[in-house]
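Colleague: Contents are PDB, C-alpha atoms; file name start-v8.pdb:
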ATOM      1  CA  MET A  36       8.728  19.908 -29.211
ATOM      2  CA  LYS A  37      11.015  20.541 -32.161
ATOM      3  CA  ILE A  38      14.623  19.666 -32.875
ATOM      4  CA  ALA A  39      16.404  21.703 -35.551
ATOM      5  CA  GLY A  40      13.019  23.027 -36.628
ATOM      6  CA  ILE A  41      11.543  19.570 -37.158
ATOM      7  CA  ASP A  42       8.174  18.912 -35.496
ATOM      8  CA  LEU A  43       8.722  15.571 -33.753
ATOM      9  CA  SER A  44       5.019  14.952 -33.201
ATOM     10  CA  ILE A  45       4.567  14.226 -36.898
ATOM     11  CA  THR A  46       5.259  10.569 -37.623
ATOM     12  CA  THR A  47       5.016   8.656 -40.849
ATOM     13  CA  ASN A  48       3.401   5.236 -41.065
ATOM     14  CA  ILE A  49       5.372   2.489 -42.774
ATOM     15  CA  ILE A  50       3.666   0.951 -45.803
ATOM     16  CA  VAL A  51       4.268  -2.763 -46.329
ATOM     17  CA  PRO A  52       2.954  -4.121 -49.633
ATOM     18  CA  ILE A  53       2.564  -7.907 -49.626
ATOM     19  CA  ILE A  54       2.463  -9.394 -53.108
ATOM     20  CA  ARG A  55       0.243 -12.444 -53.400
ATOM     21  CA  GLY A  56      -0.002 -13.693 -56.970
ATOM     22  CA  ASP A  57      -1.529 -10.954 -59.106
ATOM     23  CA  SER A  58      -2.852  -8.987 -56.170
ATOM     24  CA  GLU A  59      -1.281  -7.075 -53.354
ATOM     25  CA  VAL A  60      -2.299  -6.379 -49.795
ATOM     26  CA  ILE A  61      -1.149  -3.179 -48.195
ATOM     27  CA  PHE A  62      -0.350  -3.169 -44.486
ATOM     28  CA  GLU A  63       0.145   0.144 -42.767
ATOM     29  CA  CYS A  64       2.214   0.166 -39.586
ATOM     30  CA  CYS A  65       2.149   3.029 -37.108
ATOM     31  CA  ILE A  66       4.216   3.925 -34.079
ATOM     32  CA  ILE A  67       2.764   2.940 -30.710
ATOM     33  CA  GLU A  68       2.739   6.086 -28.654
ATOM     34  CA  SER A  69       2.019   4.506 -25.293
ATOM     35  CA  TYR A  70       2.173   1.089 -23.699
ATOM     36  CA  ASP A  71      -0.054   2.152 -20.801
ATOM     37  CA  ASP A  72      -2.919  -0.065 -22.005
ATOM     38  CA  PHE A  73      -0.540  -2.988 -22.419
ATOM     39  CA  ASP A  74       0.864  -2.527 -18.906
ATOM     40  CA  ARG A  75      -2.670  -2.312 -17.501
ATOM     41  CA  LEU A  76      -3.921  -5.407 -19.315
ATOM     42  CA  CYS A  77      -0.747  -7.436 -19.013
ATOM     43  CA  PRO A  78       1.362  -6.366 -16.035
ATOM     44  CA  ALA A  79       4.940  -7.559 -15.941
ATOM     45  CA  PRO A  80       5.509 -10.604 -13.724
ATOM     46  CA  GLU A  81       7.263 -10.030 -10.444
ATOM     47  CA  ALA A  82      10.078 -12.233  -9.230
ATOM     48  CA  PRO A  83       9.016 -14.218  -6.170
ATOM     49  CA  LYS A  84      10.694 -13.281  -2.930
ATOM     50  CA  VAL A  85      12.843 -15.816  -1.187
ATOM     51  CA  LEU A  86      13.599 -15.852   2.516
ATOM     52  CA  ARG A  87      16.551 -18.051   3.398
ATOM     53  CA  ARG A  88      17.174 -19.463   6.822
ATOM     54  CA  GLY A  89      19.103 -16.846   8.781
ATOM     55  CA  ASP A  90      18.229 -13.944   6.437
ATOM     56  CA  SER A  91      16.570 -10.934   7.988
ATOM     57  CA  ALA A  92      14.552 -10.001   4.894
ATOM     58  CA  PRO A  93      13.323 -11.687   1.719
ATOM     59  CA  THR A  94      15.077 -10.905  -1.556
ATOM     60  CA  PRO A  95      13.758 -11.259  -5.145
ATOM     61  CA  ASP A  96      14.654 -14.586  -6.747
ATOM     62  CA  GLU A  97      15.250 -13.681 -10.383
ATOM     63  CA  THR A  98      16.400 -17.211 -11.214
ATOM     64  CA  ASP A  99      13.045 -18.789 -10.314
ATOM     65  CA  LYS A 100      11.952 -21.133 -13.115
ATOM     66  CA  ASP A 101       8.285 -20.100 -13.046
ATOM     67  CA  TYR A 102       9.254 -16.420 -13.031
ATOM     68  CA  LEU A 103      11.561 -16.864 -16.038
ATOM     69  CA  GLU A 104       8.782 -18.688 -17.912
ATOM     70  CA  ALA A 105       6.317 -15.914 -17.028
ATOM     71  CA  LEU A 106       8.828 -13.304 -18.190
ATOM     72  CA  GLU A 107       9.215 -15.066 -21.546
ATOM     73  CA  ALA A 108       5.441 -15.330 -21.958
ATOM     74  CA  HIS A 109       5.129 -11.625 -21.098
ATOM     75  CA  SER A 110       7.650 -10.575 -23.744
ATOM     76  CA  LYS A 111       5.849 -12.701 -26.364
ATOM     77  CA  LYS A 112       2.616 -10.934 -25.457
ATOM     78  CA  ARG A 113       4.372  -7.579 -25.763
ATOM     79  CA  VAL A 114       5.516  -8.394 -29.307
ATOM     80  CA  ALA A 115       2.000  -9.600 -30.180
ATOM     81  CA  TYR A 116       0.468  -6.407 -28.732
ATOM     82  CA  MET A 117       2.961  -4.245 -30.625
ATOM     83  CA  PHE A 118       2.108  -6.055 -33.851
ATOM     84  CA  ILE A 119      -1.676  -5.830 -33.435
ATOM     85  CA  VAL A 120      -1.725  -2.166 -32.408
ATOM     86  CA  SER A 121       0.881  -1.119 -34.960
ATOM     87  CA  VAL A 122      -1.045  -2.569 -37.938
ATOM     88  CA  GLU A 123      -4.342  -0.997 -36.796
ATOM     89  CA  PRO A 124      -4.188   1.776 -39.467
ATOM     90  CA  THR A 125      -4.357  -0.931 -42.188
ATOM     91  CA  GLU A 126      -7.507  -0.207 -44.130
ATOM     92  CA  GLY A 127     -10.284  -2.737 -43.605
ATOM     93  CA  LEU A 128      -8.285  -4.974 -41.242
ATOM     94  CA  THR A 129     -10.425  -6.894 -38.744
ATOM     95  CA  TRP A 130      -9.465  -9.860 -36.578
ATOM     96  CA  ASP A 131     -11.675 -12.872 -35.902
ATOM     97  CA  LYS A 132     -10.056 -14.211 -32.747
ATOM     98  CA  VAL A 133      -7.761 -11.415 -31.609
ATOM     99  CA  ASP A 134      -9.391  -9.121 -29.071
ATOM    100  CA  LEU A 135      -7.257  -6.219 -27.902
ATOM    101  CA  ALA A 136      -9.019  -6.223 -24.534
ATOM    102  CA  ASN A 137      -8.070  -9.849 -23.890
ATOM    103  CA  PRO A 138      -4.317 -10.612 -23.650
ATOM    104  CA  ASP A 139      -5.016 -14.344 -23.964
ATOM    105  CA  THR A 140      -6.049 -13.785 -27.598
ATOM    106  CA  TRP A 141      -3.169 -11.587 -28.747
ATOM    107  CA  GLU A 142      -0.927 -14.404 -29.850
ATOM    108  CA  PHE A 143      -3.643 -15.691 -32.208
ATOM    109  CA  TYR A 144      -2.559 -13.011 -34.708
ATOM    110  CA  GLU A 145      -0.007 -15.364 -36.261
ATOM    111  CA  ASN A 146      -2.636 -18.114 -36.718
ATOM    112  CA  GLU A 147      -5.053 -15.647 -38.243
ATOM    113  CA  LEU A 148      -2.448 -14.410 -40.715
ATOM    114  CA  THR A 149      -1.558 -18.004 -41.607
ATOM    115  CA  GLU A 150      -5.217 -18.881 -42.085
ATOM    116  CA  ALA A 151      -5.562 -15.814 -44.311
ATOM    117  CA  GLY A 152      -2.806 -17.204 -46.562
ATOM    118  CA  PHE A 153       0.202 -15.211 -45.401
ATOM    119  CA  ASN A 154       3.382 -17.248 -45.159
ATOM    120  CA  THR A 155       6.321 -16.761 -42.801
ATOM    121  CA  VAL A 156       8.109 -14.479 -45.301
ATOM    122  CA  HIS A 157       5.041 -12.226 -45.476
ATOM    123  CA  MET A 158       4.799 -12.182 -41.698
ATOM    124  CA  GLY A 159       8.482 -11.324 -41.473
ATOM    125  CA  GLN A 160       7.943  -8.404 -43.856
ATOM    126  CA  ILE A 161       5.006  -7.059 -41.843
ATOM    127  CA  LEU A 162       6.941  -7.477 -38.592
ATOM    128  CA  GLN A 163       9.851  -5.603 -40.165
ATOM    129  CA  GLY A 164       7.409  -2.770 -40.973
ATOM    130  CA  VAL A 165       6.169  -2.796 -37.399
ATOM    131  CA  MET A 166       9.740  -2.641 -36.093
ATOM    132  CA  GLU A 167      10.627   0.205 -38.461
ATOM    133  CA  ALA A 168       7.523   2.189 -37.526
ATOM    134  CA  ASN A 169       8.463   1.813 -33.888
ATOM    135  CA  GLY A 170      12.100   2.737 -34.348
ATOM    136  CA  LEU A 171      13.313  -0.768 -33.570
ATOM    137  CA  SER A 172      14.925  -1.600 -36.902
ATOM    138  CA  ASP A 173      18.668  -2.055 -36.340
ATOM    139  CA  THR A 174      19.367  -1.351 -40.014
ATOM    140  CA  ARG A 175      17.436   1.933 -39.935
ATOM    141  CA  ILE A 176      19.101   2.986 -36.678
ATOM    142  CA  GLU A 177      22.553   2.209 -38.106
ATOM    143  CA  GLU A 178      21.762   4.102 -41.342
ATOM    144  CA  ALA A 179      20.522   7.121 -39.394
ATOM    145  CA  LYS A 180      23.648   7.068 -37.240
ATOM    146  CA  LYS A 181      25.885   6.979 -40.343
ATOM    147  CA  ARG A 182      23.930   9.844 -41.973
ATOM    148  CA  PHE A 183      24.281  11.949 -38.832
ATOM    149  CA  LEU A 184      28.030  11.317 -38.513
ATOM    150  CA  ALA A 185      28.585  11.927 -42.240
ATOM    151  CA  ALA A 186      26.733  15.259 -41.978
ATOM    152  CA  GLN A 187      28.858  16.229 -38.970
ATOM    153  CA  ARG A 188      32.083  15.348 -40.812
ATOM    154  CA  ALA A 189      30.951  17.321 -43.880
ATOM    155  CA  ALA A 190      30.183  20.361 -41.735
ATOM    156  CA  GLN A 191      33.617  20.189 -40.061
ATOM    157  CA  SER A 192      35.513  19.837 -43.369
ATOM    158  CA  GLN A 193      33.938  22.967 -44.922
ATOM    159  CA  PRO A 194      36.368  25.923 -44.928
ATOM    160  CA  SER A 195      35.411  28.637 -42.518
ATOM    161  CA  SER A 196      34.289  32.012 -43.929
ATOM    162  CA  PRO A 197      37.177  34.349 -44.785
ATOM    163  CA  THR A 198      37.605  37.169 -42.403
ATOM    164  CA  VAL A 199      37.794  40.674 -43.787
ATOM    165  CA  GLU A 200      40.714  42.685 -42.544
ATOM    166  CA  SER A 201      40.362  46.365 -42.580
TER     167      SER A 201
ATOM    168  CA  MET B 661       4.942 -44.724  -3.650
ATOM    169  CA  SER B 662       8.639 -45.271  -3.261
ATOM    170  CA  GLN B 663      10.661 -44.226  -0.255
ATOM    171  CA  ARG B 664      11.338 -40.525  -0.318
ATOM    172  CA  THR B 665      13.446 -38.115   1.641
ATOM    173  CA  LEU B 666      12.120 -34.669   2.346
ATOM    174  CA  ALA B 667      15.470 -33.196   1.359
ATOM    175  CA  GLU B 668      14.400 -33.699  -2.266
ATOM    176  CA  ALA B 669      10.933 -32.273  -1.717
ATOM    177  CA  THR B 670       9.345 -28.864  -1.790
ATOM    178  CA  ILE B 671       5.989 -28.074  -0.274
ATOM    179  CA  LYS B 672       3.594 -25.610  -1.847
ATOM    180  CA  ILE B 673       0.914 -24.200   0.419
ATOM    181  CA  LYS B 674      -1.754 -22.589  -1.748
ATOM    182  CA  ASP B 675      -4.810 -20.505  -0.968
ATOM    183  CA  GLY B 676      -8.053 -20.226  -2.942
ATOM    184  CA  THR B 677      -7.411 -16.982  -4.819
ATOM    185  CA  GLY B 678      -8.189 -17.238  -8.574
ATOM    186  CA  THR B 679      -4.500 -17.520  -9.369
ATOM    187  CA  PRO B 680      -3.549 -19.016  -6.012
ATOM    188  CA  LEU B 681      -1.210 -17.196  -3.687
ATOM    189  CA  GLU B 682       1.338 -19.737  -2.586
ATOM    190  CA  ILE B 683       4.325 -20.213  -0.355
ATOM    191  CA  VAL B 684       6.945 -22.684  -1.485
ATOM    192  CA  VAL B 685       8.815 -24.283   1.389
ATOM    193  CA  LYS B 686      12.106 -26.112   1.056
ATOM    194  CA  ILE B 687      12.264 -28.548   3.932
ATOM    195  CA  GLY B 688      15.453 -28.803   5.935
ATOM    196  CA  GLU B 689      14.662 -31.522   8.411
ATOM    197  CA  GLY B 690      11.420 -33.058   9.508
ATOM    198  CA  ASN B 691       8.606 -35.223   8.309
ATOM    199  CA  ILE B 692       5.118 -35.190   6.854
ATOM    200  CA  THR B 693       2.691 -37.970   7.615
ATOM    201  CA  PHE B 694      -0.841 -38.534   6.458
ATOM    202  CA  SER B 695      -3.302 -41.367   6.814
ATOM    203  CA  GLU B 696      -6.273 -42.317   4.708
ATOM    204  CA  LYS B 697      -8.853 -44.202   6.696
ATOM    205  CA  ARG B 698     -12.030 -46.027   5.919
ATOM    206  CA  ALA B 699     -14.565 -47.745   8.079
ATOM    207  CA  VAL B 700     -15.359 -51.247   6.959
ATOM    208  CA  GLU B 701     -18.389 -52.939   8.470
ATOM    209  CA  TYR B 702     -18.526 -56.716   8.579
ATOM    210  CA  THR B 703     -22.034 -58.074   8.871
ATOM    211  CA  LEU B 704     -22.557 -61.434  10.443
ATOM    212  CA  ASP B 705     -25.146 -63.973   9.370
ATOM    213  CA  ARG B 706     -26.020 -66.056  12.397
ATOM    214  CA  GLY B 707     -22.558 -65.712  13.847
ATOM    215  CA  THR B 708     -20.537 -66.175  10.661
ATOM    216  CA  LEU B 709     -18.949 -63.485   8.530
ATOM    217  CA  ASP B 710     -21.184 -62.604   5.628
ATOM    218  CA  THR B 711     -21.441 -59.234   3.921
ATOM    219  CA  VAL B 712     -18.895 -56.438   3.977
ATOM    220  CA  ARG B 713     -19.911 -52.825   3.533
ATOM    221  CA  LEU B 714     -18.099 -49.523   3.650
ATOM    222  CA  GLY B 715     -19.043 -47.319   6.548
ATOM    223  CA  ASP B 716     -19.009 -43.529   6.685
ATOM    224  CA  GLU B 717     -16.178 -41.673   4.988
ATOM    225  CA  GLU B 718     -13.420 -40.320   7.189
ATOM    226  CA  PRO B 719     -11.189 -37.323   6.508
ATOM    227  CA  VAL B 720      -7.472 -37.762   5.842
ATOM    228  CA  ASP B 721      -5.308 -36.998   8.883
ATOM    229  CA  VAL B 722      -2.260 -34.864   8.121
ATOM    230  CA  SER B 723       0.654 -33.999  10.319
ATOM    231  CA  PHE B 724       3.902 -32.213   9.581
ATOM    232  CA  ASP B 725       6.810 -31.114  11.626
ATOM    233  CA  PHE B 726       9.814 -29.470  10.004
ATOM    234  CA  THR B 727      12.416 -26.773   9.810
ATOM    235  CA  TRP B 728      12.674 -24.923   6.514
ATOM    236  CA  GLU B 729      15.711 -24.032   4.431
ATOM    237  CA  TRP B 730      13.996 -21.306   2.457
ATOM    238  CA  LEU B 731      10.541 -19.902   1.716
ATOM    239  CA  LYS B 732       9.593 -18.488  -1.658
ATOM    240  CA  SER B 733       6.503 -16.430  -2.471
ATOM    241  CA  SER B 734       5.263 -13.136  -3.834
ATOM    242  CA  THR B 735       3.663 -12.435  -0.442
ATOM    243  CA  LEU B 736       6.549 -12.903   1.996
ATOM    244  CA  THR B 737       6.812 -10.450   4.855
ATOM    245  CA  THR B 738       9.334  -9.971   7.599
ATOM    246  CA  THR B 739       6.750  -8.856  10.113
ATOM    247  CA  SER B 740       4.933 -12.147  10.607
ATOM    248  CA  ASP B 741       5.274 -15.906  10.349
ATOM    249  CA  ASN B 742       4.528 -16.547   6.687
ATOM    250  CA  ILE B 743       3.687 -20.266   7.001
ATOM    251  CA  ARG B 744       1.380 -19.652   9.940
ATOM    252  CA  ASP B 745      -0.392 -16.864   8.036
ATOM    253  CA  ILE B 746      -1.253 -18.971   4.986
ATOM    254  CA  ILE B 747      -2.285 -21.992   7.073
ATOM    255  CA  LYS B 748      -4.500 -19.875   9.328
ATOM    256  CA  GLY B 749      -5.862 -17.694   6.504
ATOM    257  CA  VAL B 750      -4.614 -14.287   7.599
ATOM    258  CA  THR B 751      -5.263 -11.491   5.029
ATOM    259  CA  PRO B 752      -4.645 -11.595   2.034
ATOM    260  CA  TYR B 753      -5.168 -15.353   1.893
ATOM    261  CA  VAL B 754      -8.527 -16.669   0.673
ATOM    262  CA  SER B 755      -9.995 -20.045   1.569
ATOM    263  CA  THR B 756      -9.951 -22.865  -0.977
ATOM    264  CA  SER B 757     -13.484 -23.695   0.126
ATOM    265  CA  SER B 758     -16.258 -22.179  -1.962
ATOM    266  CA  ASP B 759     -18.540 -22.136   1.094
ATOM    267  CA  ASP B 760     -18.000 -18.904   3.031
ATOM    268  CA  CYS B 761     -19.543 -20.476   6.141
ATOM    269  CA  GLU B 762     -16.843 -23.157   6.354
ATOM    270  CA  PRO B 763     -13.620 -22.455   8.247
ATOM    271  CA  TYR B 764     -10.614 -21.395   6.193
ATOM    272  CA  ALA B 765      -8.849 -24.145   4.242
ATOM    273  CA  CYS B 766      -5.754 -24.296   2.062
ATOM    274  CA  ASP B 767      -4.156 -26.857  -0.269
ATOM    275  CA  ILE B 768      -0.780 -28.421   0.409
ATOM    276  CA  GLU B 769       1.228 -29.959  -2.429
ATOM    277  CA  VAL B 770       4.257 -32.066  -1.632
ATOM    278  CA  ALA B 771       6.420 -32.300  -4.742
ATOM    279  CA  PHE B 772       9.348 -34.704  -4.965
ATOM    280  CA  ASP B 773      11.844 -33.765  -7.643
ATOM    281  CA  PRO B 774      14.873 -35.994  -7.176
ATOM    282  CA  ALA B 775      18.052 -34.792  -8.854
ATOM    283  CA  CYS B 776      19.189 -38.277  -9.834
ATOM    284  CA  GLY B 777      16.631 -39.262 -12.448
ATOM    285  CA  ASP B 778      14.014 -40.861 -10.254
ATOM    286  CA  ILE B 779      10.376 -40.265 -11.140
ATOM    287  CA  ASP B 780       8.804 -37.005  -9.985
ATOM    288  CA  GLU B 781       5.812 -37.334  -7.719
ATOM    289  CA  THR B 782       3.314 -34.876  -6.305
ATOM    290  CA  ILE B 783       0.960 -35.552  -3.427
ATOM    291  CA  VAL B 784      -1.927 -33.135  -3.075
ATOM    292  CA  LEU B 785      -3.390 -32.626   0.393
ATOM    293  CA  ALA B 786      -6.404 -30.613  -0.721
ATOM    294  CA  ASP B 787      -8.824 -28.697   1.466
ATOM    295  CA  PHE B 788      -6.581 -28.855   4.549
ATOM    296  CA  ARG B 789      -7.647 -27.298   7.853
ATOM    297  CA  TYR B 790      -5.271 -27.188  10.778
ATOM    298  CA  GLU B 791      -6.419 -28.302  14.201
ATOM    299  CA  GLU B 792      -3.241 -27.787  16.169
ATOM    300  CA  MET B 793      -0.158 -25.741  15.479
ATOM    301  CA  SER B 794       2.745 -25.849  17.880
ATOM    302  CA  TYR B 795       6.179 -24.319  17.906
ATOM    303  CA  ASP B 796       9.472 -25.449  19.304
ATOM    304  CA  LEU B 797      11.516 -22.281  19.523
ATOM    305  CA  SER B 798      14.777 -23.905  20.550
ATOM    306  CA  ALA B 799      14.597 -26.378  17.654
ATOM    307  CA  GLY B 800      13.123 -23.764  15.298
ATOM    308  CA  THR B 801      10.391 -26.131  14.186
ATOM    309  CA  VAL B 802       6.703 -25.760  13.521
ATOM    310  CA  SER B 803       4.381 -28.729  14.011
ATOM    311  CA  VAL B 804       0.953 -28.766  12.464
ATOM    312  CA  THR B 805      -1.787 -31.350  12.617
ATOM    313  CA  GLY B 806      -5.085 -31.194  10.811
ATOM    314  CA  LYS B 807      -7.417 -32.862   8.374
ATOM    315  CA  CYS B 808      -8.295 -32.719   4.687
ATOM    316  CA  ASN B 809     -11.958 -32.692   3.801
ATOM    317  CA  LEU B 810     -11.362 -35.730   1.594
ATOM    318  CA  SER B 811     -11.273 -39.437   2.210
ATOM    319  CA  THR B 812      -8.487 -40.092  -0.316
ATOM    320  CA  LEU B 813      -5.571 -38.061  -1.589
ATOM    321  CA  THR B 814      -4.363 -37.369  -5.111
ATOM    322  CA  PHE B 815      -1.012 -38.758  -6.202
ATOM    323  CA  ALA B 816       0.358 -37.574  -9.534
TER     324      ALA B 816
END
Using structure tokens, write down the structure that the file contains.
Modeller:
Amino acid sequence: MKIAGIDLSITTNIIVPIIRGDSEVIFECCIIESYDDFDRLCPAPEAPKVLRRGDSAPTPDETDKDYLEALEAHSKKRVAYMFIVSVEPTEGLTWDKVDLANPDTWEFYENELTEAGFNTVHMGQILQGVMEANGLSDTRIEEAKKRFLAAQRAAQSQPSSPTVES
Amino acid sequence: MSQRTLAEATIKIKDGTGTPLEIVVKIGEGNITFSEKRAVEYTLDRGTLDTVRLGDEEPVDVSFDFTWEWLKSSTLTTTSDNIRDIIKGVTPYVSTSSDDCEPYACDIEVAFDPACGDIDETIVLADFRYEEMSYDLSAGTVSVTGKCNLSTLTFA
């Protein structure tokens, strides 16, 4: 698929250089094309059904405390999965405790980064790269919107071609 | 154990699936009773009381009789009696017993969560097997009696 002649299948990874003293570590963040594996390994929790006295059918109880806790845990796992998969192109990166096949290990990524000497600012920078690579950066979205609108305004303000009268 | 009213209690009936399937029951009216028993043998020495020994263990008797306000579960259906199904072990419920040759069992947790700052308390009636289940259709109540394969219960 193309839009205005641009091949949309070509994506660019975001490079995040982390400066540590005299050295630098380069993280490379890619877009996650599919969350199918995530959904298979970590299905979204379902709200329990509640049947009240006199009701003819049960209805989902989306205020259930356990369900809300499970939902929060699920979204944390989703962020962890996005982080781990997005930084996979980083050259030479291997995890000690994180195992992509085991959702219970995904949230260890923060501990591993801390143990490797990355502080919260570094982690914030990498996460920003992950968000940008996945089109979730509010700043980038806002900038793109402004560029698009500015281009539209510029096109409208250009004088139309003179017509030639015979 | 302090005096409790079932209006501030919920009952969880759980099966033996890895992550247990459970039905949470909010009691409207009714009661739950259970009794821990033990046999104590008093040995006489020439007609006078001498040694005391514990006899054989006895299972805990459980009985409940209630109407419910609401049921909550991921497995609720409208085509059958949900409480009866989990107590009797109708598919998809799995026994809490690891021995396939034993009759189906489930766990019952009675959780008191008073709104006015009293201390929470949970009573676990583990490995429960019903022996009699009776219905009163005009009162809308279900009465169940049975036993836990334990001599004492867990209070937490």
Colleague: Please identify all polymer residues within 8 Å of Cys808 of chain B, counting all atoms listed in the file, omitting same-chain residues fewer than 2 positions from it, and present them as a PyMOL selection string.
Modeller: chain B and resi 719-722+785-789+806+810-811
Colleague: The ChimeraX specification (/B :<7) & /A on the file shown: which residues, as number ranges by chain?
Modeller: A: 83-88, 92-93
Colleague: I want to know what sits within 10 Å of Ile67 of chain A, based on only C-alpha atoms, with residues of the same chain fewer than 3 positions away left out; could you give that as a list in words?
Modeller: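 Answer for this query is Cys64, Tyr70, Tyr116, Met117, Phe118, Val120, Ser121, Val122, Val165, Ala168 and Asn169 of chain A.
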Colleague: Taking into account all atoms listed in the file, which residue in the set B:Asp745, B:Asp759, B:Glu791, B:Asp716 is nearest to Glu682 of chain B?
Modeller: B:Asp745
Colleague: To one decimal place in Å, what is the distance between atom CA of Ala669 of chain B and atom CA of Ala816 of chain B?
Modeller: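 So the two atoms, atom CA of Ala669 of chain B and atom CA of Ala816 of chain B, lie 14.2 Å apart.
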Colleague: Return the single residue from B:Thr782, B:Ser755, B:Ser740, B:Ser723 that is closest to Val802 of chain B, with distances computed using only C-alpha atoms.
Modeller: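 Among the listed residues, B:Ser723 lies closest to Val802 of chain B.
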Colleague: Mind giving me the straight-line distance from atom CA of Ser110 of chain A to atom CA of Ala179 of chain A in Å, one decimal?
Modeller: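 Separation between atom CA of Ser110 of chain A and atom CA of Ala179 of chain A: 26.9 Å.
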